[in-house]
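Shown next: upload11.csv, given as CSV, C-alpha atoms.
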```
chain,number,residue,atom,x,y,z
A,127,MET,CA,24.8,3.3,2.3
A,128,LYS,CA,22.3,5.9,3.1
A,129,LEU,CA,18.5,5.7,3.1
A,130,GLY,CA,18.2,7.5,-0.3
A,131,LEU,CA,20.4,4.9,-2.0
A,132,LEU,CA,18.6,2.0,-0.4
A,133,PHE,CA,15.3,3.5,-1.4
A,134,LYS,CA,16.4,3.9,-5.0
A,135,ASP,CA,17.7,0.3,-5.2
A,136,GLU,CA,14.5,-1.1,-3.7
A,137,LEU,CA,12.3,1.1,-5.9
A,138,HIS,CA,14.2,-0.1,-9.0
A,139,GLY,CA,13.5,-3.7,-8.0
A,140,PHE,CA,9.8,-3.3,-7.0
A,141,TYR,CA,8.6,-1.3,-10.0
A,142,LYS,CA,9.9,-3.9,-12.4
A,143,SER,CA,8.1,-6.8,-10.6
A,144,LYS,CA,5.0,-8.4,-12.2
A,145,VAL,CA,2.9,-7.5,-9.2
A,146,MET,CA,3.5,-3.8,-9.7
A,147,ILE,CA,2.7,-4.1,-13.5
A,148,PHE,CA,-0.5,-5.7,-12.5
A,149,LEU,CA,-1.3,-2.9,-10.0
A,150,TRP,CA,-0.6,-0.2,-12.6
A,151,ILE,CA,-2.6,-1.8,-15.4
A,152,GLY,CA,-4.9,-4.4,-13.8
A,153,LEU,CA,-6.4,-2.3,-11.0
A,154,PRO,CA,-8.0,0.4,-13.3
A,155,VAL,CA,-9.3,-2.4,-15.5
A,156,ILE,CA,-10.8,-4.4,-12.6
A,157,ALA,CA,-12.4,-1.2,-11.2
A,158,LEU,CA,-13.9,-0.4,-14.6
A,159,LEU,CA,-15.4,-3.9,-14.9
A,160,PHE,CA,-16.6,-3.8,-11.3
A,161,ARG,CA,-18.3,-0.5,-11.9
A,162,PHE,CA,-20.2,-1.5,-15.0
A,163,ILE,CA,-21.2,-4.9,-13.5
A,164,SER,CA,-22.5,-3.2,-10.4
A,165,GLY,CA,-24.3,-0.6,-12.4
A,166,ALA,CA,-26.0,-3.3,-14.6
A,167,SER,CA,-27.0,-5.4,-11.6
A,168,THR,CA,-28.4,-2.5,-9.5
A,169,GLY,CA,-29.7,-0.3,-12.4
A,170,GLN,CA,-27.7,2.6,-11.0
A,171,GLU,CA,-24.6,4.2,-12.3
A,172,ILE,CA,-22.0,4.1,-9.5
A,173,PRO,CA,-19.4,6.8,-9.7
A,174,PHE,CA,-16.2,5.3,-10.9
A,175,THR,CA,-14.2,7.5,-8.5
A,176,LEU,CA,-15.8,5.7,-5.6
A,177,VAL,CA,-15.3,2.2,-7.2
A,178,SER,CA,-11.6,3.0,-7.9
A,179,SER,CA,-11.0,4.0,-4.3
A,180,ILE,CA,-12.5,0.7,-3.0
A,181,VAL,CA,-10.6,-1.5,-5.5
A,182,VAL,CA,-7.2,0.3,-5.0
A,183,SER,CA,-7.4,0.3,-1.2
A,184,SER,CA,-8.6,-3.3,-0.9
A,185,ILE,CA,-6.7,-5.2,-3.6
A,186,GLY,CA,-3.7,-2.8,-3.9
A,187,GLY,CA,-3.2,-2.6,-0.2
A,188,THR,CA,-3.4,-6.4,0.3
A,189,LEU,CA,-1.0,-7.1,-2.5
A,190,ALA,CA,1.5,-4.5,-1.3
A,191,SER,CA,1.3,-5.8,2.3
A,192,VAL,CA,1.7,-9.4,1.2
A,193,MET,CA,4.6,-8.5,-1.1
A,194,LEU,CA,6.4,-6.7,1.7
A,195,ALA,CA,5.9,-9.5,4.2
A,196,VAL,CA,7.1,-12.2,1.7
A,197,PHE,CA,10.2,-10.2,0.7
A,198,LEU,CA,11.2,-9.7,4.3
A,199,ILE,CA,10.6,-13.3,5.2
A,200,ASN,CA,12.5,-14.7,2.2
A,201,GLU,CA,15.4,-12.3,2.6
A,202,THR,CA,15.7,-13.2,6.3
A,203,ASN,CA,15.6,-17.0,5.5
A,204,ARG,CA,18.2,-16.5,2.8
A,205,HIS,CA,20.4,-14.6,5.3
A,206,VAL,CA,20.5,-11.6,3.0
A,207,TYR,CA,20.9,-9.2,5.9
A,208,ASP,CA,24.0,-10.9,7.1
A,209,LEU,CA,25.8,-9.2,4.3
A,210,PHE,CA,24.0,-5.9,4.8
A,211,LEU,CA,25.0,-5.7,8.4
A,212,ILE,CA,28.7,-6.1,7.7
A,213,ARG,CA,28.5,-2.7,5.9
A,214,PRO,CA,27.7,0.5,7.8
A,215,ILE,CA,23.9,0.4,7.1
A,216,ARG,CA,21.3,1.2,9.7
A,217,ARG,CA,18.7,-1.5,10.2
A,218,ARG,CA,16.1,1.3,10.3
A,219,ASP,CA,17.0,2.4,6.8
A,220,ILE,CA,16.5,-1.2,5.4
A,221,ILE,CA,13.0,-1.2,6.8
A,222,LEU,CA,12.1,2.3,5.7
A,223,SER,CA,13.5,1.9,2.2
A,224,LYS,CA,11.3,-1.2,1.6
A,225,PHE,CA,8.2,0.5,3.0
A,226,LEU,CA,8.7,3.7,1.0
A,227,SER,CA,9.5,2.0,-2.3
A,228,VAL,CA,6.4,-0.3,-2.2
A,229,TYR,CA,4.2,2.6,-0.9
A,230,CYS,CA,5.3,4.9,-3.8
A,231,CYS,CA,4.7,2.2,-6.4
A,232,VAL,CA,1.2,1.5,-5.1
A,233,ALA,CA,0.5,5.3,-4.8
A,234,ILE,CA,1.2,5.5,-8.5
A,235,ALA,CA,-1.4,2.8,-9.1
A,236,SER,CA,-3.8,4.8,-7.0
A,237,PHE,CA,-3.3,7.9,-9.1
A,238,ILE,CA,-3.8,5.9,-12.3
A,239,ALA,CA,-7.0,4.3,-11.0
A,240,VAL,CA,-8.5,7.6,-9.8
A,241,LEU,CA,-7.4,9.4,-13.0
A,242,ALA,CA,-9.1,6.6,-15.0
A,243,GLY,CA,-12.2,7.2,-12.8
A,244,ILE,CA,-12.3,10.9,-13.6
A,245,VAL,CA,-11.9,10.1,-17.3
A,246,VAL,CA,-14.7,7.5,-17.3
A,247,ASP,CA,-17.1,9.7,-15.3
A,248,PHE,CA,-16.5,12.5,-17.7
A,249,ALA,CA,-17.0,10.2,-20.7
A,250,THR,CA,-20.3,8.9,-19.3
A,251,THR,CA,-21.7,12.2,-18.0
A,252,GLY,CA,-20.1,14.7,-20.3
A,253,THR,CA,-19.1,17.0,-17.5
A,254,LEU,CA,-17.0,17.1,-14.4
A,255,SER,CA,-18.6,18.8,-11.4
A,256,SER,CA,-16.8,20.1,-8.4
A,257,THR,CA,-18.5,17.4,-6.4
A,258,VAL,CA,-17.0,14.6,-8.6
A,259,LEU,CA,-13.5,16.1,-8.3
A,260,THR,CA,-13.9,16.5,-4.6
A,261,ASP,CA,-15.0,12.9,-4.3
A,262,ALA,CA,-12.0,11.9,-6.4
A,263,GLY,CA,-9.6,13.7,-4.0
A,264,GLN,CA,-11.3,12.2,-1.0
A,265,SER,CA,-11.2,8.7,-2.5
A,266,LEU,CA,-7.5,9.1,-3.3
A,267,ALA,CA,-6.8,10.3,0.3
A,268,ASN,CA,-8.7,7.4,1.7
A,269,SER,CA,-6.9,4.9,-0.5
A,270,LEU,CA,-3.4,6.2,0.2
A,271,SER,CA,-4.2,6.3,3.9
A,272,MET,CA,-5.4,2.7,4.0
A,273,ILE,CA,-2.5,1.6,1.8
A,274,ALA,CA,0.0,3.2,4.2
A,275,VAL,CA,-1.4,1.3,7.1
A,276,SER,CA,-1.4,-2.0,5.0
A,277,CYS,CA,2.2,-1.6,4.0
A,278,ALA,CA,3.3,-0.8,7.6
A,279,ALA,CA,1.4,-3.9,8.8
A,280,GLY,CA,3.1,-6.0,6.1
A,281,VAL,CA,6.5,-4.8,7.2
A,282,ILE,CA,6.0,-5.8,10.9
A,283,ILE,CA,4.3,-9.1,9.9
A,284,GLY,CA,7.2,-9.9,7.6
A,285,ILE,CA,9.6,-9.4,10.5
A,286,VAL,CA,7.8,-11.5,13.1
A,287,SER,CA,6.5,-14.3,10.8
A,288,PRO,CA,8.5,-17.5,10.7
A,289,SER,CA,7.3,-18.5,7.3
A,290,VAL,CA,5.7,-17.2,4.1
A,291,LEU,CA,2.5,-19.1,4.7
A,292,VAL,CA,2.1,-17.7,8.2
A,293,GLY,CA,2.9,-14.2,7.0
A,294,ALA,CA,0.4,-14.3,4.2
A,295,ILE,CA,-2.4,-15.5,6.6
A,296,LEU,CA,-1.6,-12.8,9.1
A,297,VAL,CA,-1.7,-10.1,6.3
A,298,ILE,CA,-5.0,-11.3,4.9
A,299,TYR,CA,-6.8,-11.8,8.2
A,300,GLY,CA,-5.0,-9.2,10.3
A,301,GLY,CA,-3.4,-6.6,8.1
A,302,ASN,CA,-6.7,-6.0,6.2
A,303,GLN,CA,-8.5,-5.4,9.5
A,304,ILE,CA,-6.0,-2.9,10.7
A,305,SER,CA,-6.0,-1.0,7.4
A,306,VAL,CA,-9.7,-0.1,8.0
A,307,ILE,CA,-8.8,2.0,11.1
A,308,PRO,CA,-8.3,5.3,9.1
A,309,LEU,CA,-11.8,5.1,7.8
A,310,VAL,CA,-13.4,5.3,11.3
A,311,PRO,CA,-14.0,9.1,10.9
A,312,THR,CA,-15.9,8.5,7.7
A,313,LEU,CA,-17.9,5.6,9.1
A,314,LEU,CA,-18.9,7.8,12.1
A,315,ASN,CA,-19.7,10.8,10.0
A,316,LEU,CA,-17.3,13.0,11.9
A,317,PRO,CA,-16.5,16.5,10.7
A,318,GLU,CA,-13.6,16.9,8.3
A,319,PRO,CA,-13.3,13.1,7.9
A,320,THR,CA,-10.6,13.2,5.2
A,321,ILE,CA,-8.2,15.2,7.4
A,322,LEU,CA,-8.8,12.9,10.3
A,323,THR,CA,-8.3,9.9,8.1
A,324,ILE,CA,-4.9,11.1,7.0
A,325,VAL,CA,-3.9,11.9,10.6
A,326,ILE,CA,-5.0,8.6,11.9
A,327,ALA,CA,-3.3,6.7,9.1
A,328,GLY,CA,-0.1,8.6,9.7
A,329,VAL,CA,-0.1,7.8,13.4
A,330,VAL,CA,-1.0,4.1,12.9
A,331,ALA,CA,1.5,3.6,10.1
A,332,ALA,CA,4.3,5.4,12.1
A,333,SER,CA,3.6,3.3,15.2
A,334,LEU,CA,3.7,0.1,13.2
A,335,LEU,CA,6.9,1.1,11.5
A,336,ALA,CA,8.5,2.1,14.9
A,337,GLY,CA,7.5,-1.3,16.2
A,338,ALA,CA,8.9,-3.0,13.1
A,339,VAL,CA,12.2,-1.1,13.5
A,340,ALA,CA,12.5,-2.0,17.2
A,341,LEU,CA,11.8,-5.7,16.5
A,342,PHE,CA,14.3,-5.7,13.5
A,343,ASN,CA,17.0,-4.2,15.7
A,344,LYS,CA,16.6,-7.0,18.2
A,345,LYS,CA,16.8,-9.8,15.6
A,346,GLN,CA,20.0,-11.9,15.5
A,347,PHE,CA,21.5,-12.4,12.1
```

For this file, produce the structure as structure tokens.
Amino acid sequence: MKLGLLFKDELHGFYKSKVMIFLWIGLPVIALLFRFISGASTGQEIPFTLVSSIVVSSIGGTLASVMLAVFLINETNRHVYDLFLIRPIRRRDIILSKFLSVYCCVAIASFIAVLAGIVVDFATTGTLSSTVLTDAGQSLANSLSMIAVSCAAGVIIGIVSPSVLVGAILVIYGGNQISVIPLVPTLLNLPEPTILTIVIAGVVAASLLAGAVALFNKKQF
């Protein structure tokens, strides 16, 4: 079974889960409520594109990371991989298929949230400036970068954690901290922060996945 088939199978399972339905529907709604509550309390209209970026990267990334960790821990405890390894399947493909399927599902939620942000900003201002669209693109890039790191962290945590409880704690208190690394260029006001964010996220996520694959290859099933 090749990576493409594994990815398709995992994607089919993940996008039907209640968590993904919440991400696709709930995140834009939560971001919308957060935007208007913040605007009412501060007296300022906060651009919804910025709010959607914050909500998607924090809530979406955490849920995706927890889901990956929990799935890997439960499947390991149920000896699911004993059956997989009888067939000619690379362990690397098992890990990558889970990462890619969850990441794609959360990426869809990110697109929906940012698109909702553009629609809301247009409805409230009556226009869409190039600045708003640029901010939306940067917000989406930041969100997807942080989510990639969160998902990769969830994978490696799911492999090393002995239980679901330990995995969830590590994701919440460790994975969330790691996911902020791509935002360092923005926090430091470096030139071309979006490009640097994407590059850093790619390096960090790839490193975490490489470590996850190496650990998974050493596990005894």

Neighbour list for A:Phe133 as a list in words, cut-off 10 Å, all atoms listed in the file, skip fewer than 4 positions in-chain: Lys128, Leu129, Leu137, His138, Gly139, Asp219, Ile220, Ile221, Leu222, Ser223, Lys224, Phe225, Leu226, Ser227 and Val228 of chain A

I'd like the neighbourhood of A:Ile283 as number ranges by chain, where a residue qualifies if any of its atoms comes within 10 Å (using all atoms listed in the file), though same-chain residues fewer than 3 positions away should be ignored. A: 191-192, 194-196, 198-199, 277-280, 286-288, 292-297, 300-301, 334, 338

Top pick for closest residue to A:Gly152, considering A:Asn200, A:Ser333, A:Ser236, A:Ser256 and counting all atoms listed in the file: A:Ser236

Determine, counting all atoms listed in the file, which protein, DNA and RNA residues have an atom within 7 Å of an atom of A:Val339; residues of the same chain fewer than 4 positions away are not included. Present the result as a short mmCIF file (atom, residue, chain, number, x, y, z; two decimals) with C-alpha atoms, in the frame of the given file.
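Listed below is the output, selection-v2.cif:
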```
data_model
loop_
_atom_site.label_atom_id
_atom_site.label_comp_id
_atom_site.auth_asym_id
_atom_site.auth_seq_id
_atom_site.Cartn_x
_atom_site.Cartn_y
_atom_site.Cartn_z
CA ARG A 218 16.10 1.30 10.30
CA ILE A 221 13.00 -1.20 6.80
CA LEU A 335 6.90 1.10 11.50
CA ASN A 343 17.00 -4.20 15.70
#
```

Can you measure atom CA of A:Val310 to atom CA of A:Ala262 for me? One decimal in Å is fine. 18.9 Å

Around the point (1.0, 5.7, 9.4) (coordinates from the file), which residues reach within 10 Å if we count only C-alpha atoms? Answer as a ChimeraX atom specification. /A:271-279,305,308,324-336

Enter the distance from atom CA of A:Gly186 to atom CA of A:Leu149, in Å, rounded to one decimal.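 Here the two named atoms are 6.6 Å from each other.
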
Can you measure atom CA of A:Trp150 to atom CA of A:Leu132 for me? One decimal in Å is fine.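 If I compute the distance from atom CA of A:Trp150 to atom CA of A:Leu132, I get 22.9 Å.
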
Shell of 9 Å around A:Ile238, only C-alpha atoms, local chain residues under 6 positions omitted, as a ChimeraX atom specification: /A:150-151,153-154

Could you tell me which of A:Leu131, A:Ile304, A:Met146, A:Leu259 comes closest to A:Gly243 if we count only C-alpha atoms? A:Leu259

Using only C-alpha atoms, which of A:Ser184, A:Ala340, A:Met193, A:Val240 sits nearest A:Lys144? A:Met193

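Shortest separation to A:Cys230 among A:Val206, A:Val245, A:Ile282, A:Leu270 occurs at residue A:Leu270, atoms counted being all atoms listed in the file.
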
Which residue is closest to A:Thr260? Choose from A:Lys134, A:Thr188, A:Cys231, A:Ile244 and count all atoms listed in the file.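 Selected residue with least distance to A:Thr260: A:Ile244.
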
Hey, which of A:Ile185, A:Leu266, A:Ile285, A:Ala249 ends up closest to A:Glu201? Count only C-alpha atoms. A:Ile285

Reconstruct N, CA and C atoms of stretch 255-281 of chain A from the incomplete input and present them as a CSV table (one decimal), keeping the file's coordinate frame.
```csv
chain,number,residue,atom,x,y,z
A,255,SER,N,-18.2,17.8,-12.4
A,255,SER,CA,-18.6,18.8,-11.4
A,255,SER,C,-17.6,18.9,-10.3
A,256,SER,N,-17.7,19.9,-9.6
A,256,SER,CA,-16.8,20.1,-8.4
A,256,SER,C,-17.0,19.0,-7.4
A,257,THR,N,-18.2,18.5,-7.3
A,257,THR,CA,-18.5,17.4,-6.4
A,257,THR,C,-17.7,16.1,-6.8
A,258,VAL,N,-17.7,15.8,-8.1
A,258,VAL,CA,-17.0,14.6,-8.6
A,258,VAL,C,-15.5,14.8,-8.3
A,259,LEU,N,-14.9,15.9,-8.6
A,259,LEU,CA,-13.5,16.1,-8.3
A,259,LEU,C,-13.2,16.1,-6.8
A,260,THR,N,-14.1,16.6,-6.0
A,260,THR,CA,-13.9,16.5,-4.6
A,260,THR,C,-13.9,15.1,-4.1
A,261,ASP,N,-14.9,14.3,-4.6
A,261,ASP,CA,-15.0,12.9,-4.3
A,261,ASP,C,-13.8,12.2,-4.7
A,262,ALA,N,-13.2,12.5,-5.9
A,262,ALA,CA,-12.0,11.9,-6.4
A,262,ALA,C,-10.8,12.1,-5.4
A,263,GLY,N,-10.7,13.4,-5.0
A,263,GLY,CA,-9.6,13.7,-4.0
A,263,GLY,C,-9.8,13.0,-2.7
A,264,GLN,N,-11.0,12.9,-2.2
A,264,GLN,CA,-11.3,12.2,-1.0
A,264,GLN,C,-11.0,10.7,-1.1
A,265,SER,N,-11.4,10.1,-2.3
A,265,SER,CA,-11.2,8.7,-2.5
A,265,SER,C,-9.7,8.4,-2.6
A,266,LEU,N,-8.9,9.3,-3.2
A,266,LEU,CA,-7.5,9.1,-3.3
A,266,LEU,C,-6.9,9.2,-1.9
A,267,ALA,N,-7.3,10.2,-1.1
A,267,ALA,CA,-6.8,10.3,0.3
A,267,ALA,C,-7.1,9.1,1.1
A,268,ASN,N,-8.3,8.6,1.0
A,268,ASN,CA,-8.7,7.4,1.7
A,268,ASN,C,-7.9,6.2,1.3
A,269,SER,N,-7.7,6.0,0.0
A,269,SER,CA,-6.9,4.9,-0.5
A,269,SER,C,-5.5,4.9,-0.1
A,270,LEU,N,-4.8,6.1,-0.2
A,270,LEU,CA,-3.4,6.2,0.2
A,270,LEU,C,-3.3,6.0,1.7
A,271,SER,N,-4.3,6.5,2.5
A,271,SER,CA,-4.2,6.3,3.9
A,271,SER,C,-4.3,4.8,4.3
A,272,MET,N,-5.2,4.1,3.7
A,272,MET,CA,-5.4,2.7,4.0
A,272,MET,C,-4.2,1.9,3.5
A,273,ILE,N,-3.6,2.3,2.4
A,273,ILE,CA,-2.5,1.6,1.8
A,273,ILE,C,-1.2,1.8,2.7
A,274,ALA,N,-1.1,3.0,3.3
A,274,ALA,CA,0.0,3.2,4.2
A,274,ALA,C,0.0,2.3,5.4
A,275,VAL,N,-1.2,2.1,5.9
A,275,VAL,CA,-1.4,1.3,7.1
A,275,VAL,C,-1.1,-0.2,6.7
A,276,SER,N,-1.6,-0.6,5.5
A,276,SER,CA,-1.4,-2.0,5.0
A,276,SER,C,0.0,-2.3,4.8
A,277,CYS,N,0.8,-1.3,4.2
A,277,CYS,CA,2.2,-1.6,4.0
A,277,CYS,C,3.0,-1.6,5.3
A,278,ALA,N,2.6,-0.8,6.3
A,278,ALA,CA,3.3,-0.8,7.6
A,278,ALA,C,3.0,-2.1,8.3
A,279,ALA,N,1.8,-2.6,8.2
A,279,ALA,CA,1.4,-3.9,8.8
A,279,ALA,C,2.2,-5.0,8.1
A,280,GLY,N,2.3,-4.9,6.8
A,280,GLY,CA,3.1,-6.0,6.1
A,280,GLY,C,4.5,-6.0,6.5
A,281,VAL,N,5.1,-4.9,6.8
A,281,VAL,CA,6.5,-4.8,7.2
A,281,VAL,C,6.7,-5.5,8.6
```
